[in-house]
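For reference, my_file-v1.csv (CSV, C-alpha atoms):
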```
chain,number,residue,atom,x,y,z
A,1307,MET,CA,-0.5,20.3,-13.2
A,1308,PRO,CA,-0.5,16.8,-11.8
A,1309,GLU,CA,-3.8,15.5,-10.3
A,1310,HIS,CA,-2.3,15.1,-6.9
A,1311,LYS,CA,0.8,16.8,-5.8
A,1312,SER,CA,2.7,17.2,-2.6
A,1313,ARG,CA,5.8,19.4,-2.5
A,1314,GLU,CA,7.6,22.2,-0.8
A,1315,GLU,CA,6.9,25.5,-2.5
A,1316,ILE,CA,9.4,28.3,-2.9
A,1317,GLU,CA,7.6,31.3,-4.2
A,1318,ARG,CA,8.4,35.0,-4.5
A,1319,VAL,CA,5.8,37.8,-5.0
A,1320,PHE,CA,6.5,41.1,-6.8
A,1321,LYS,CA,4.6,44.2,-7.5
A,1322,VAL,CA,4.3,45.0,-11.2
A,1323,ARG,CA,5.8,48.3,-12.6
A,1324,GLN,CA,4.3,47.8,-16.0
A,1325,ILE,CA,2.3,45.0,-17.6
A,1326,PRO,CA,4.3,43.6,-20.6
A,1327,LYS,CA,3.1,44.8,-24.0
A,1328,ASN,CA,0.8,42.6,-26.0
A,1329,ILE,CA,-0.1,40.6,-22.8
A,1330,GLU,CA,-2.8,38.9,-24.8
A,1331,ARG,CA,-0.2,36.7,-26.6
A,1332,TYR,CA,0.6,34.8,-23.5
A,1333,THR,CA,-1.4,31.8,-22.2
A,1334,SER,CA,-4.0,32.9,-19.7
A,1335,GLU,CA,-6.6,31.3,-17.4
A,1336,ASN,CA,-9.5,32.6,-15.4
A,1337,ILE,CA,-9.1,31.7,-11.7
A,1338,VAL,CA,-11.7,31.9,-9.0
A,1339,GLN,CA,-10.6,30.9,-5.6
A,1340,GLY,CA,-11.9,31.0,-2.0
A,1341,TYR,CA,-10.8,30.0,1.5
A,1342,LEU,CA,-12.6,27.5,3.7
A,1343,ALA,CA,-10.4,28.1,6.7
A,1344,ILE,CA,-7.3,30.1,7.5
A,1345,ASP,CA,-5.5,29.0,10.6
A,1346,ALA,CA,-4.0,31.3,13.2
A,1347,ASN,CA,-0.6,29.9,12.1
A,1348,GLY,CA,-1.2,30.8,8.5
A,1349,ALA,CA,-2.1,27.4,7.2
A,1350,GLU,CA,-5.0,27.5,4.7
A,1351,VAL,CA,-7.5,25.4,2.8
A,1352,ARG,CA,-8.2,26.8,-0.6
A,1353,LEU,CA,-10.8,25.9,-3.2
A,1354,ARG,CA,-9.9,26.9,-6.8
A,1355,LYS,CA,-11.6,26.8,-10.2
A,1356,ILE,CA,-9.2,27.1,-13.1
A,1357,GLY,CA,-11.2,27.3,-16.3
A,1358,GLU,CA,-13.4,24.2,-15.9
A,1359,ARG,CA,-11.1,22.3,-13.6
A,1360,TYR,CA,-11.5,22.2,-9.8
A,1361,PHE,CA,-8.8,21.9,-7.1
A,1362,GLU,CA,-8.5,21.9,-3.3
A,1363,THR,CA,-5.2,22.9,-1.8
A,1364,TYR,CA,-3.8,22.8,1.7
A,1365,LYS,CA,-0.8,25.1,2.3
A,1366,GLY,CA,1.1,25.0,5.6
A,1367,SER,CA,2.3,28.0,7.6
A,1368,GLY,CA,5.1,30.2,6.4
A,1369,ARG,CA,5.6,32.5,3.4
A,1370,LEU,CA,8.7,31.7,1.3
A,1371,GLN,CA,8.6,27.9,1.8
A,1372,ARG,CA,5.3,26.1,2.5
A,1373,ARG,CA,4.1,22.6,2.5
A,1374,GLU,CA,1.6,22.2,-0.3
A,1375,LEU,CA,-0.9,19.4,-0.8
A,1376,GLU,CA,-3.3,19.4,-3.7
A,1377,ILE,CA,-6.1,17.3,-5.0
A,1378,ALA,CA,-8.4,17.6,-8.0
A,1379,LEU,CA,-12.0,17.8,-7.1
A,1380,SER,CA,-15.1,16.8,-9.2
A,1381,HIS,CA,-17.5,19.6,-10.0
A,1382,ASP,CA,-19.9,18.1,-7.6
A,1383,GLN,CA,-17.4,18.0,-4.7
A,1384,PHE,CA,-16.4,21.6,-5.4
A,1385,SER,CA,-20.0,22.9,-5.6
A,1386,THR,CA,-20.8,21.3,-2.2
A,1387,LEU,CA,-17.9,22.9,-0.4
A,1388,TRP,CA,-17.8,26.3,-2.2
A,1389,PRO,CA,-20.5,28.0,0.0
A,1390,GLY,CA,-18.0,27.7,2.9
A,1391,THR,CA,-15.7,30.2,1.2
A,1392,GLU,CA,-18.3,33.0,1.3
A,1393,GLY,CA,-16.8,36.4,2.0
A,1394,ARG,CA,-13.2,35.2,1.2
A,1395,ARG,CA,-13.0,34.9,-2.5
A,1396,ILE,CA,-10.7,36.2,-5.2
A,1397,GLU,CA,-11.0,36.4,-9.0
A,1398,LYS,CA,-8.1,36.9,-11.3
A,1399,ILE,CA,-6.7,36.3,-14.8
A,1400,ARG,CA,-3.3,34.5,-14.6
A,1401,TYR,CA,-0.9,35.0,-17.5
A,1402,GLN,CA,2.1,32.6,-17.9
A,1403,ILE,CA,5.1,34.6,-19.0
A,1404,ASP,CA,8.4,33.1,-19.9
A,1405,THR,CA,11.3,35.4,-19.4
A,1406,SER,CA,14.8,34.1,-20.0
A,1407,GLY,CA,13.9,30.6,-18.9
A,1408,GLN,CA,12.1,31.6,-15.7
A,1409,LYS,CA,8.4,31.3,-15.7
A,1410,ILE,CA,6.5,34.2,-14.2
A,1411,GLU,CA,2.8,34.2,-13.3
A,1412,LEU,CA,1.2,37.6,-13.8
A,1413,ASN,CA,-2.0,37.9,-11.8
A,1414,VAL,CA,-4.5,40.6,-12.9
A,1415,PHE,CA,-7.1,40.7,-10.3
A,1416,ARG,CA,-10.8,41.3,-11.0
A,1417,GLY,CA,-14.0,42.0,-9.0
A,1418,ASN,CA,-13.4,44.1,-5.9
A,1419,LEU,CA,-9.6,43.8,-6.4
A,1420,GLU,CA,-9.9,45.3,-10.0
A,1421,GLY,CA,-6.7,47.3,-10.8
A,1422,LEU,CA,-4.4,45.2,-8.6
A,1423,VAL,CA,-1.6,43.4,-10.4
A,1424,LEU,CA,1.0,41.0,-8.8
A,1425,ALA,CA,3.6,38.6,-10.2
A,1426,GLU,CA,4.5,35.3,-8.7
A,1427,VAL,CA,7.7,33.4,-9.4
A,1428,GLU,CA,8.3,29.8,-8.3
A,1429,PHE,CA,11.6,28.2,-7.7
A,1430,ASN,CA,12.9,24.6,-7.2
A,1431,SER,CA,15.5,25.5,-4.6
A,1432,PRO,CA,16.5,28.4,-2.3
A,1433,ALA,CA,19.7,28.8,-4.5
A,1434,LYS,CA,17.6,29.4,-7.7
A,1435,SER,CA,15.5,31.9,-5.7
A,1436,ALA,CA,18.5,33.8,-4.5
A,1437,GLU,CA,20.1,34.1,-8.0
A,1438,PHE,CA,16.9,35.3,-9.7
A,1439,LYS,CA,17.3,38.7,-11.5
A,1440,PRO,CA,13.9,40.2,-11.9
A,1441,PRO,CA,13.2,41.8,-15.3
A,1442,ASP,CA,12.6,45.6,-15.4
A,1443,TRP,CA,8.8,45.4,-15.6
A,1444,LEU,CA,8.7,43.8,-12.1
A,1445,GLY,CA,8.7,46.1,-9.1
A,1446,GLU,CA,9.2,45.7,-5.3
A,1447,ASP,CA,9.6,42.2,-3.8
A,1448,VAL,CA,6.7,41.9,-1.4
A,1449,THR,CA,7.1,38.2,-0.6
A,1450,GLU,CA,7.3,38.9,3.1
A,1451,ASP,CA,4.5,41.5,3.2
A,1452,THR,CA,1.5,39.5,4.4
A,1453,ARG,CA,-0.9,42.1,3.1
A,1454,PHE,CA,-0.2,40.8,-0.4
A,1455,LYS,CA,-0.9,37.2,0.5
A,1456,ASN,CA,-3.9,35.9,-1.5
A,1457,GLN,CA,-5.6,34.9,1.8
A,1458,SER,CA,-5.2,38.4,3.1
A,1459,LEU,CA,-6.5,40.0,-0.2
A,1460,ALA,CA,-9.5,37.6,0.0
A,1461,GLN,CA,-10.3,38.7,3.5
A,1462,LYS,CA,-9.3,42.3,3.7
A,1463,GLY,CA,-9.0,43.5,0.1
A,1464,ALA,CA,-6.1,45.4,-1.5
A,1465,PRO,CA,-3.6,47.3,0.7
A,1466,TYR,CA,-4.3,51.0,0.6
A,1467,GLY,CA,-2.8,52.8,-2.4
A,1468,GLU,CA,-1.7,49.5,-4.2
A,1469,ILE,CA,-4.3,49.5,-6.9
A,1470,MET,CA,-2.6,50.3,-10.3
A,1471,LEU,CA,-4.7,51.1,-13.3
A,1472,PRO,CA,-4.5,48.7,-16.2
A,1473,GLN,CA,-2.3,50.1,-18.9
B,1212,MET,CA,-24.8,9.1,5.4
B,1213,PRO,CA,-25.4,10.8,2.1
B,1214,GLU,CA,-22.4,11.3,-0.2
B,1215,HIS,CA,-22.8,15.1,-0.1
B,1216,LYS,CA,-24.7,16.9,2.6
B,1217,SER,CA,-25.3,20.5,3.5
B,1218,ARG,CA,-27.3,21.3,6.6
B,1219,GLU,CA,-27.5,23.2,9.8
B,1220,GLU,CA,-26.4,21.0,12.7
B,1221,ILE,CA,-27.8,21.2,16.2
B,1222,GLU,CA,-25.7,19.1,18.5
B,1223,ARG,CA,-25.4,18.7,22.2
B,1224,VAL,CA,-22.4,17.1,24.0
B,1225,PHE,CA,-22.6,15.3,27.4
B,1226,LYS,CA,-20.1,13.8,29.7
B,1227,VAL,CA,-20.8,10.1,30.4
B,1228,ARG,CA,-21.5,8.9,34.0
B,1229,GLN,CA,-21.4,5.3,33.1
B,1230,ILE,CA,-21.0,3.4,29.8
B,1231,PRO,CA,-24.2,1.4,29.1
B,1232,LYS,CA,-23.7,-2.4,29.9
B,1233,ASN,CA,-23.1,-4.7,27.0
B,1234,ILE,CA,-21.9,-1.8,24.9
B,1235,GLU,CA,-20.7,-4.3,22.3
B,1236,ARG,CA,-24.2,-5.1,21.2
B,1237,TYR,CA,-24.5,-1.7,19.6
B,1238,THR,CA,-23.3,-0.8,16.1
B,1239,SER,CA,-19.8,0.7,16.3
B,1240,GLU,CA,-17.3,2.3,13.9
B,1241,ASN,CA,-13.7,3.1,14.1
B,1242,ILE,CA,-13.1,6.8,13.4
B,1243,VAL,CA,-9.8,8.5,12.7
B,1244,GLN,CA,-10.0,12.2,12.0
B,1245,GLY,CA,-7.7,15.2,11.7
B,1246,TYR,CA,-7.9,18.9,11.1
B,1247,LEU,CA,-6.4,20.7,8.1
B,1248,ALA,CA,-7.1,24.2,9.4
B,1249,ILE,CA,-9.0,25.7,12.3
B,1250,ASP,CA,-10.0,29.2,11.8
B,1251,ALA,CA,-9.8,32.0,14.4
B,1252,ASN,CA,-13.6,32.2,14.2
B,1253,GLY,CA,-13.9,28.4,14.9
B,1254,ALA,CA,-14.6,27.3,11.4
B,1255,GLU,CA,-12.8,24.0,10.6
B,1256,VAL,CA,-11.9,21.7,7.8
B,1257,ARG,CA,-11.8,18.1,9.0
B,1258,LEU,CA,-10.7,14.9,7.3
B,1259,ARG,CA,-12.3,11.7,8.6
B,1260,LYS,CA,-11.9,8.0,7.9
B,1261,ILE,CA,-14.9,5.9,9.1
B,1262,GLY,CA,-14.1,2.2,8.6
B,1263,GLU,CA,-13.0,2.3,5.0
B,1264,ARG,CA,-14.9,5.4,3.9
B,1265,TYR,CA,-13.4,8.8,3.6
B,1266,PHE,CA,-14.9,12.2,4.1
B,1267,GLU,CA,-14.0,15.9,4.2
B,1268,THR,CA,-16.2,18.2,6.3
B,1269,TYR,CA,-16.3,22.0,6.6
B,1270,LYS,CA,-18.0,23.3,9.7
B,1271,GLY,CA,-18.7,26.9,10.2
B,1272,SER,CA,-18.2,28.9,13.4
B,1273,GLY,CA,-20.5,28.5,16.4
B,1274,ARG,CA,-21.2,25.6,18.7
B,1275,LEU,CA,-24.8,24.6,19.1
B,1276,GLN,CA,-25.8,25.4,15.5
B,1277,ARG,CA,-23.2,25.3,12.7
B,1278,ARG,CA,-23.2,25.2,8.9
B,1279,GLU,CA,-21.9,21.8,7.8
B,1280,LEU,CA,-20.7,20.9,4.3
B,1281,GLU,CA,-19.5,17.4,3.6
B,1282,ILE,CA,-18.1,15.4,0.7
B,1283,ALA,CA,-17.0,11.9,0.2
B,1284,LEU,CA,-13.3,11.6,-0.8
B,1285,SER,CA,-11.6,8.8,-2.7
B,1286,HIS,CA,-8.9,7.0,-0.8
B,1287,ASP,CA,-6.4,8.7,-3.1
B,1288,GLN,CA,-7.7,12.2,-2.3
B,1289,PHE,CA,-7.7,11.5,1.4
B,1290,SER,CA,-4.2,10.1,1.5
B,1291,THR,CA,-2.8,13.2,-0.3
B,1292,LEU,CA,-4.4,15.7,2.1
B,1293,TRP,CA,-3.9,13.6,5.3
B,1294,PRO,CA,-0.3,14.7,6.1
B,1295,GLY,CA,-1.7,18.3,6.5
B,1296,THR,CA,-3.5,17.1,9.7
B,1297,GLU,CA,-0.3,16.1,11.5
B,1298,GLY,CA,-0.4,17.0,15.3
B,1299,ARG,CA,-4.2,17.5,15.2
B,1300,ARG,CA,-5.6,14.0,15.1
B,1301,ILE,CA,-8.2,12.0,17.1
B,1302,GLU,CA,-9.0,8.3,17.2
B,1303,LYS,CA,-12.3,7.0,18.6
B,1304,ILE,CA,-14.8,4.2,18.6
B,1305,ARG,CA,-18.3,5.6,18.0
B,1306,TYR,CA,-21.3,3.5,19.2
B,1307,GLN,CA,-24.8,4.3,18.0
B,1308,ILE,CA,-27.2,4.0,20.9
B,1309,ASP,CA,-31.0,4.3,20.5
B,1310,THR,CA,-32.7,5.4,23.7
B,1311,SER,CA,-36.4,6.0,23.6
B,1312,GLY,CA,-36.3,7.1,20.0
B,1313,GLN,CA,-33.4,9.5,20.4
B,1314,LYS,CA,-30.1,8.4,18.8
B,1315,ILE,CA,-27.1,9.0,21.0
B,1316,GLU,CA,-23.5,8.7,19.7
B,1317,LEU,CA,-21.1,7.4,22.4
B,1318,ASN,CA,-17.5,8.3,21.6
B,1319,VAL,CA,-14.9,6.2,23.3
B,1320,PHE,CA,-11.6,7.9,22.6
B,1321,ARG,CA,-8.3,6.1,21.9
B,1322,GLY,CA,-4.7,6.8,21.5
B,1323,ASN,CA,-3.5,9.8,23.7
B,1324,LEU,CA,-7.1,10.5,24.7
B,1325,GLU,CA,-7.6,6.9,25.9
B,1326,GLY,CA,-10.1,6.9,28.9
B,1327,LEU,CA,-12.1,9.9,27.7
B,1328,VAL,CA,-15.7,9.2,26.9
B,1329,LEU,CA,-18.3,11.7,25.5
B,1330,ALA,CA,-21.8,11.5,24.1
B,1331,GLU,CA,-23.2,13.5,21.2
B,1332,VAL,CA,-26.9,14.0,20.5
B,1333,GLU,CA,-28.1,15.6,17.3
B,1334,PHE,CA,-31.5,17.3,16.9
B,1335,ASN,CA,-33.5,18.5,13.9
B,1336,SER,CA,-34.8,21.6,15.6
B,1337,PRO,CA,-34.1,23.8,18.6
B,1338,ALA,CA,-37.4,22.7,20.1
B,1339,LYS,CA,-36.4,19.0,19.9
B,1340,SER,CA,-33.1,19.9,21.6
B,1341,ALA,CA,-34.9,21.9,24.4
B,1342,GLU,CA,-37.3,19.0,25.3
B,1343,PHE,CA,-34.6,16.3,25.4
B,1344,LYS,CA,-34.4,14.4,28.8
B,1345,PRO,CA,-31.0,12.8,29.0
B,1346,PRO,CA,-31.0,9.2,30.3
B,1347,ASP,CA,-29.3,8.6,33.7
B,1348,TRP,CA,-26.1,7.3,32.3
B,1349,LEU,CA,-25.4,10.7,30.7
B,1350,GLY,CA,-23.6,13.4,32.9
B,1351,GLU,CA,-23.1,17.1,32.6
B,1352,ASP,CA,-24.0,19.0,29.4
B,1353,VAL,CA,-20.7,20.4,28.1
B,1354,THR,CA,-22.0,21.7,24.8
B,1355,GLU,CA,-20.8,25.2,25.5
B,1356,ASP,CA,-17.5,24.1,27.0
B,1357,THR,CA,-15.0,24.6,24.1
B,1358,ARG,CA,-12.4,22.3,25.8
B,1359,PHE,CA,-14.6,19.4,24.8
B,1360,LYS,CA,-14.8,20.3,21.1
B,1361,ASN,CA,-13.1,17.7,19.0
B,1362,GLN,CA,-10.9,20.3,17.4
B,1363,SER,CA,-9.7,21.4,20.9
B,1364,LEU,CA,-9.2,17.7,22.0
B,1365,ALA,CA,-7.2,17.2,18.8
B,1366,GLN,CA,-5.0,20.2,19.5
B,1367,LYS,CA,-4.7,20.4,23.3
B,1368,GLY,CA,-5.7,16.9,24.5
B,1369,ALA,CA,-8.3,16.1,27.2
B,1370,PRO,CA,-9.2,18.7,29.8
B,1371,TYR,CA,-7.4,18.1,33.1
B,1372,GLY,CA,-9.2,15.5,35.3
B,1373,GLU,CA,-11.7,14.5,32.6
B,1374,ILE,CA,-10.3,11.1,31.8
B,1375,MET,CA,-12.6,8.4,33.1
B,1376,LEU,CA,-11.4,4.8,33.2
B,1377,PRO,CA,-13.3,2.3,31.0
B,1378,GLN,CA,-15.7,0.3,33.1
```
Could I get this structure in the form of structure tokens?
Amino acid sequence: MPEHKSREEIERVFKVRQIPKNIERYTSENIVQGYLAIDANGAEVRLRKIGERYFETYKGSGRLQRRELEIALSHDQFSTLWPGTEGRRIEKIRYQIDTSGQKIELNVFRGNLEGLVLAEVEFNSPAKSAEFKPPDWLGEDVTEDTRFKNQSLAQKGAPYGEIMLPQ
Amino acid sequence: MPEHKSREEIERVFKVRQIPKNIERYTSENIVQGYLAIDANGAEVRLRKIGERYFETYKGSGRLQRRELEIALSHDQFSTLWPGTEGRRIEKIRYQIDTSGQKIELNVFRGNLEGLVLAEVEFNSPAKSAEFKPPDWLGEDVTEDTRFKNQSLAQKGAPYGEIMLPQ
């Protein structure tokens, strides 16, 4: 990930029918993130710790395509702002899975979202997004369901009945 | 200003009846600031350039007393996030005025808020705030009037009829 990035993000979110076997062979990272502010229009400011690296990300409004601005923070900068995210935090393990050339991020949530599993797929263009054929282990496309946005999960918890037990 | 601070802020805001004479003799700074996100509960994430220094500040909800977390940003960090404040920016000159031991910040707004002048007074305790006797050149206390919050001025402009001409 570049230290500073600025791009339009096209991202789709899927439920997960079944976690791929031998999930441990994939690269994974522990992620802790929290929200400083979530705007009425959906824009958000997120703090994120990935392993021992620290980031702050602004995402604009919208769901499928959002402006995204990201900077790396020092540990000191992160620690100063982190208390502002109280009550709006998420913890997850993110696995990087490569399926027929398309990278899929599998998010296994922890803490009070334990048992929730979601997959995120990013695309460079709307065309790439449209032609994507999800593998069998992915379930329903919930890109437009705001209950599955991380900012909603952080504030309101998992949607009723959407916790699947780890397999 | 310390590089990182974390404190409870007690601040009162006043209209200005008359700008003190010879205002130029006071220390002043050019401030440009913008908001990345303003939460429904009033919490905000603000980017600010003071002269050639750069800051990011989280302020919690509330008006008289708010949690405030602040970090210094590098020019590079600031420039990456700044586009996220589009449409919610403020420009002002801030004068530091010392009146009988109480520091008053006089904000002379510029750009599309040209002609608006407000004063901010910060206190260490509710008691200090209660015993404060405003000098004659200060006008109405608008601390509780949300239209005069910087985040409201940045989004909606000056309240109708509140532009005073520079004297």
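Atom pair atom CA of A:Pro1389 / atom CA of A:Gln1457: separated by 16.5 Å.
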Atom pair atom CA of B:Ile1230 / atom CA of B:Gly1326: separation (Å) | 11.5 Å
If chain A is fitted onto chain B by least squares over all C-alpha atoms, taken pair by pair in sequence order, what do its new coordinates look like as a tab-separated table (two decimals) with C-alpha atoms, keeping the file's coordinate frame?
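Writing the result to superposed_5.tsv gives the following:
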```tsv
chain	number	residue	atom	x	y	z
A	1307	MET	CA	-24.84	9.12	5.47
A	1308	PRO	CA	-25.48	10.79	2.15
A	1309	GLU	CA	-22.46	11.32	-0.17
A	1310	HIS	CA	-22.84	15.04	-0.09
A	1311	LYS	CA	-24.72	16.87	2.52
A	1312	SER	CA	-25.27	20.44	3.49
A	1313	ARG	CA	-27.32	21.27	6.58
A	1314	GLU	CA	-27.50	23.17	9.80
A	1315	GLU	CA	-26.39	21.02	12.70
A	1316	ILE	CA	-27.88	21.14	16.17
A	1317	GLU	CA	-25.74	19.07	18.43
A	1318	ARG	CA	-25.40	18.67	22.19
A	1319	VAL	CA	-22.35	17.13	23.99
A	1320	PHE	CA	-22.52	15.33	27.35
A	1321	LYS	CA	-20.08	13.78	29.67
A	1322	VAL	CA	-20.75	10.11	30.36
A	1323	ARG	CA	-21.50	8.92	33.98
A	1324	GLN	CA	-21.41	5.29	33.05
A	1325	ILE	CA	-21.01	3.44	29.77
A	1326	PRO	CA	-24.20	1.34	29.13
A	1327	LYS	CA	-23.84	-2.36	29.90
A	1328	ASN	CA	-23.12	-4.75	27.09
A	1329	ILE	CA	-21.91	-1.80	24.87
A	1330	GLU	CA	-20.67	-4.36	22.40
A	1331	ARG	CA	-24.26	-5.05	21.19
A	1332	TYR	CA	-24.58	-1.69	19.63
A	1333	THR	CA	-23.32	-0.78	16.13
A	1334	SER	CA	-19.84	0.68	16.29
A	1335	GLU	CA	-17.28	2.22	13.91
A	1336	ASN	CA	-13.64	3.10	14.16
A	1337	ILE	CA	-13.10	6.82	13.41
A	1338	VAL	CA	-9.84	8.56	12.72
A	1339	GLN	CA	-10.05	12.21	12.10
A	1340	GLY	CA	-7.70	15.21	11.73
A	1341	TYR	CA	-7.88	18.96	11.12
A	1342	LEU	CA	-6.35	20.73	8.14
A	1343	ALA	CA	-7.16	24.19	9.40
A	1344	ILE	CA	-9.05	25.71	12.30
A	1345	ASP	CA	-10.01	29.30	11.82
A	1346	ALA	CA	-9.80	32.00	14.46
A	1347	ASN	CA	-13.63	32.13	14.26
A	1348	GLY	CA	-13.96	28.45	14.95
A	1349	ALA	CA	-14.64	27.27	11.45
A	1350	GLU	CA	-12.82	24.01	10.62
A	1351	VAL	CA	-11.85	21.65	7.84
A	1352	ARG	CA	-11.88	18.08	8.97
A	1353	LEU	CA	-10.67	14.90	7.29
A	1354	ARG	CA	-12.31	11.67	8.56
A	1355	LYS	CA	-11.92	7.94	7.95
A	1356	ILE	CA	-14.90	5.90	9.04
A	1357	GLY	CA	-14.07	2.24	8.61
A	1358	GLU	CA	-12.95	2.24	4.96
A	1359	ARG	CA	-14.86	5.31	3.89
A	1360	TYR	CA	-13.32	8.80	3.63
A	1361	PHE	CA	-14.96	12.21	4.20
A	1362	GLU	CA	-14.01	15.90	4.26
A	1363	THR	CA	-16.16	18.23	6.28
A	1364	TYR	CA	-16.33	21.99	6.61
A	1365	LYS	CA	-18.09	23.25	9.76
A	1366	GLY	CA	-18.77	26.97	10.25
A	1367	SER	CA	-18.26	28.94	13.46
A	1368	GLY	CA	-20.45	28.45	16.47
A	1369	ARG	CA	-21.14	25.54	18.83
A	1370	LEU	CA	-24.84	24.58	19.11
A	1371	GLN	CA	-25.78	25.38	15.49
A	1372	ARG	CA	-23.17	25.21	12.70
A	1373	ARG	CA	-23.19	25.18	9.00
A	1374	GLU	CA	-21.98	21.80	7.83
A	1375	LEU	CA	-20.78	20.83	4.37
A	1376	GLU	CA	-19.57	17.35	3.61
A	1377	ILE	CA	-18.14	15.47	0.72
A	1378	ALA	CA	-16.95	11.89	0.28
A	1379	LEU	CA	-13.38	11.62	-0.72
A	1380	SER	CA	-11.60	8.78	-2.66
A	1381	HIS	CA	-8.83	7.02	-0.79
A	1382	ASP	CA	-6.39	8.70	-3.02
A	1383	GLN	CA	-7.73	12.22	-2.32
A	1384	PHE	CA	-7.72	11.52	1.41
A	1385	SER	CA	-4.15	10.10	1.46
A	1386	THR	CA	-2.85	13.23	-0.34
A	1387	LEU	CA	-4.36	15.67	2.10
A	1388	TRP	CA	-3.97	13.67	5.36
A	1389	PRO	CA	-0.31	14.76	6.06
A	1390	GLY	CA	-1.71	18.30	6.57
A	1391	THR	CA	-3.53	17.16	9.70
A	1392	GLU	CA	-0.30	16.19	11.49
A	1393	GLY	CA	-0.35	16.98	15.19
A	1394	ARG	CA	-4.20	17.44	15.25
A	1395	ARG	CA	-5.66	14.03	15.06
A	1396	ILE	CA	-8.17	12.05	17.07
A	1397	GLU	CA	-9.06	8.34	17.20
A	1398	LYS	CA	-12.23	7.00	18.65
A	1399	ILE	CA	-14.79	4.17	18.57
A	1400	ARG	CA	-18.33	5.57	17.98
A	1401	TYR	CA	-21.25	3.51	19.27
A	1402	GLN	CA	-24.81	4.28	17.99
A	1403	ILE	CA	-27.22	3.97	20.87
A	1404	ASP	CA	-30.93	4.27	20.55
A	1405	THR	CA	-32.64	5.41	23.66
A	1406	SER	CA	-36.37	6.04	23.59
A	1407	GLY	CA	-36.31	7.14	19.98
A	1408	GLN	CA	-33.36	9.53	20.30
A	1409	LYS	CA	-30.15	8.42	18.80
A	1410	ILE	CA	-27.06	8.98	20.91
A	1411	GLU	CA	-23.46	8.70	19.69
A	1412	LEU	CA	-21.13	7.41	22.38
A	1413	ASN	CA	-17.53	8.30	21.59
A	1414	VAL	CA	-14.80	6.23	23.34
A	1415	PHE	CA	-11.62	7.89	22.55
A	1416	ARG	CA	-8.34	6.03	21.91
A	1417	GLY	CA	-4.62	6.88	21.51
A	1418	ASN	CA	-3.51	9.80	23.66
A	1419	LEU	CA	-7.16	10.52	24.62
A	1420	GLU	CA	-7.58	6.87	25.98
A	1421	GLY	CA	-10.07	6.90	28.92
A	1422	LEU	CA	-12.07	9.89	27.67
A	1423	VAL	CA	-15.72	9.22	26.91
A	1424	LEU	CA	-18.28	11.76	25.48
A	1425	ALA	CA	-21.81	11.46	24.07
A	1426	GLU	CA	-23.16	13.47	21.24
A	1427	VAL	CA	-26.84	13.97	20.50
A	1428	GLU	CA	-28.15	15.54	17.28
A	1429	PHE	CA	-31.41	17.28	16.85
A	1430	ASN	CA	-33.54	18.49	13.87
A	1431	SER	CA	-34.75	21.67	15.54
A	1432	PRO	CA	-34.00	23.87	18.59
A	1433	ALA	CA	-37.44	22.73	20.03
A	1434	LYS	CA	-36.40	19.00	19.94
A	1435	SER	CA	-33.10	20.01	21.60
A	1436	ALA	CA	-34.80	21.88	24.37
A	1437	GLU	CA	-37.26	19.03	25.21
A	1438	PHE	CA	-34.57	16.32	25.31
A	1439	LYS	CA	-34.44	14.41	28.67
A	1440	PRO	CA	-31.06	12.85	28.98
A	1441	PRO	CA	-31.02	9.26	30.29
A	1442	ASP	CA	-29.32	8.61	33.69
A	1443	TRP	CA	-26.05	7.28	32.26
A	1444	LEU	CA	-25.34	10.72	30.68
A	1445	GLY	CA	-23.66	13.34	32.82
A	1446	GLU	CA	-23.01	17.13	32.57
A	1447	ASP	CA	-23.99	19.01	29.38
A	1448	VAL	CA	-20.72	20.42	28.12
A	1449	THR	CA	-21.98	21.66	24.75
A	1450	GLU	CA	-20.75	25.16	25.44
A	1451	ASP	CA	-17.40	24.15	26.98
A	1452	THR	CA	-14.96	24.56	24.09
A	1453	ARG	CA	-12.42	22.34	25.78
A	1454	PHE	CA	-14.58	19.37	24.81
A	1455	LYS	CA	-14.79	20.35	21.17
A	1456	ASN	CA	-13.16	17.66	18.98
A	1457	GLN	CA	-10.89	20.36	17.45
A	1458	SER	CA	-9.74	21.38	20.87
A	1459	LEU	CA	-9.13	17.70	21.99
A	1460	ALA	CA	-7.14	17.21	18.74
A	1461	GLN	CA	-4.96	20.17	19.48
A	1462	LYS	CA	-4.66	20.32	23.21
A	1463	GLY	CA	-5.70	16.89	24.47
A	1464	ALA	CA	-8.21	16.07	27.23
A	1465	PRO	CA	-9.15	18.74	29.83
A	1466	TYR	CA	-7.40	18.08	33.09
A	1467	GLY	CA	-9.13	15.52	35.32
A	1468	GLU	CA	-11.73	14.47	32.58
A	1469	ILE	CA	-10.27	11.12	31.75
A	1470	MET	CA	-12.63	8.34	33.10
A	1471	LEU	CA	-11.46	4.78	33.19
A	1472	PRO	CA	-13.32	2.32	31.02
A	1473	GLN	CA	-15.72	0.31	33.09
```
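Closest to B:Val1243 among B:Val1353, B:Val1319, B:Ile1261, B:Ala1369 is B:Ile1261, based on all atoms listed in the file.
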Find the residues around B:Phe1320 up to 7 Å (all atoms listed in the file counted), leave out those fewer than 6 positions away in its own chain, and share them as a CSV table (one decimal) with C-alpha atoms, in the coordinates of the input.
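Final output, part_32.csv:
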```csv
chain,number,residue,atom,x,y,z
B,1302,GLU,CA,-9.0,8.3,17.2
B,1303,LYS,CA,-12.3,7.0,18.6
B,1304,ILE,CA,-14.8,4.2,18.6
B,1326,GLY,CA,-10.1,6.9,28.9
B,1327,LEU,CA,-12.1,9.9,27.7
B,1328,VAL,CA,-15.7,9.2,26.9
```
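What separates atom CA of B:Ser1363 from atom CA of B:Arg1300 is a distance of 10.3 Å.
Excluding A:Lys1321 itself and any same-chain residue fewer than 2 positions from it, the protein and nucleic acid residues within 6 Å of it, counting all atoms listed in the file, are Leu1424, Gly1445 and Glu1446 of chain A.
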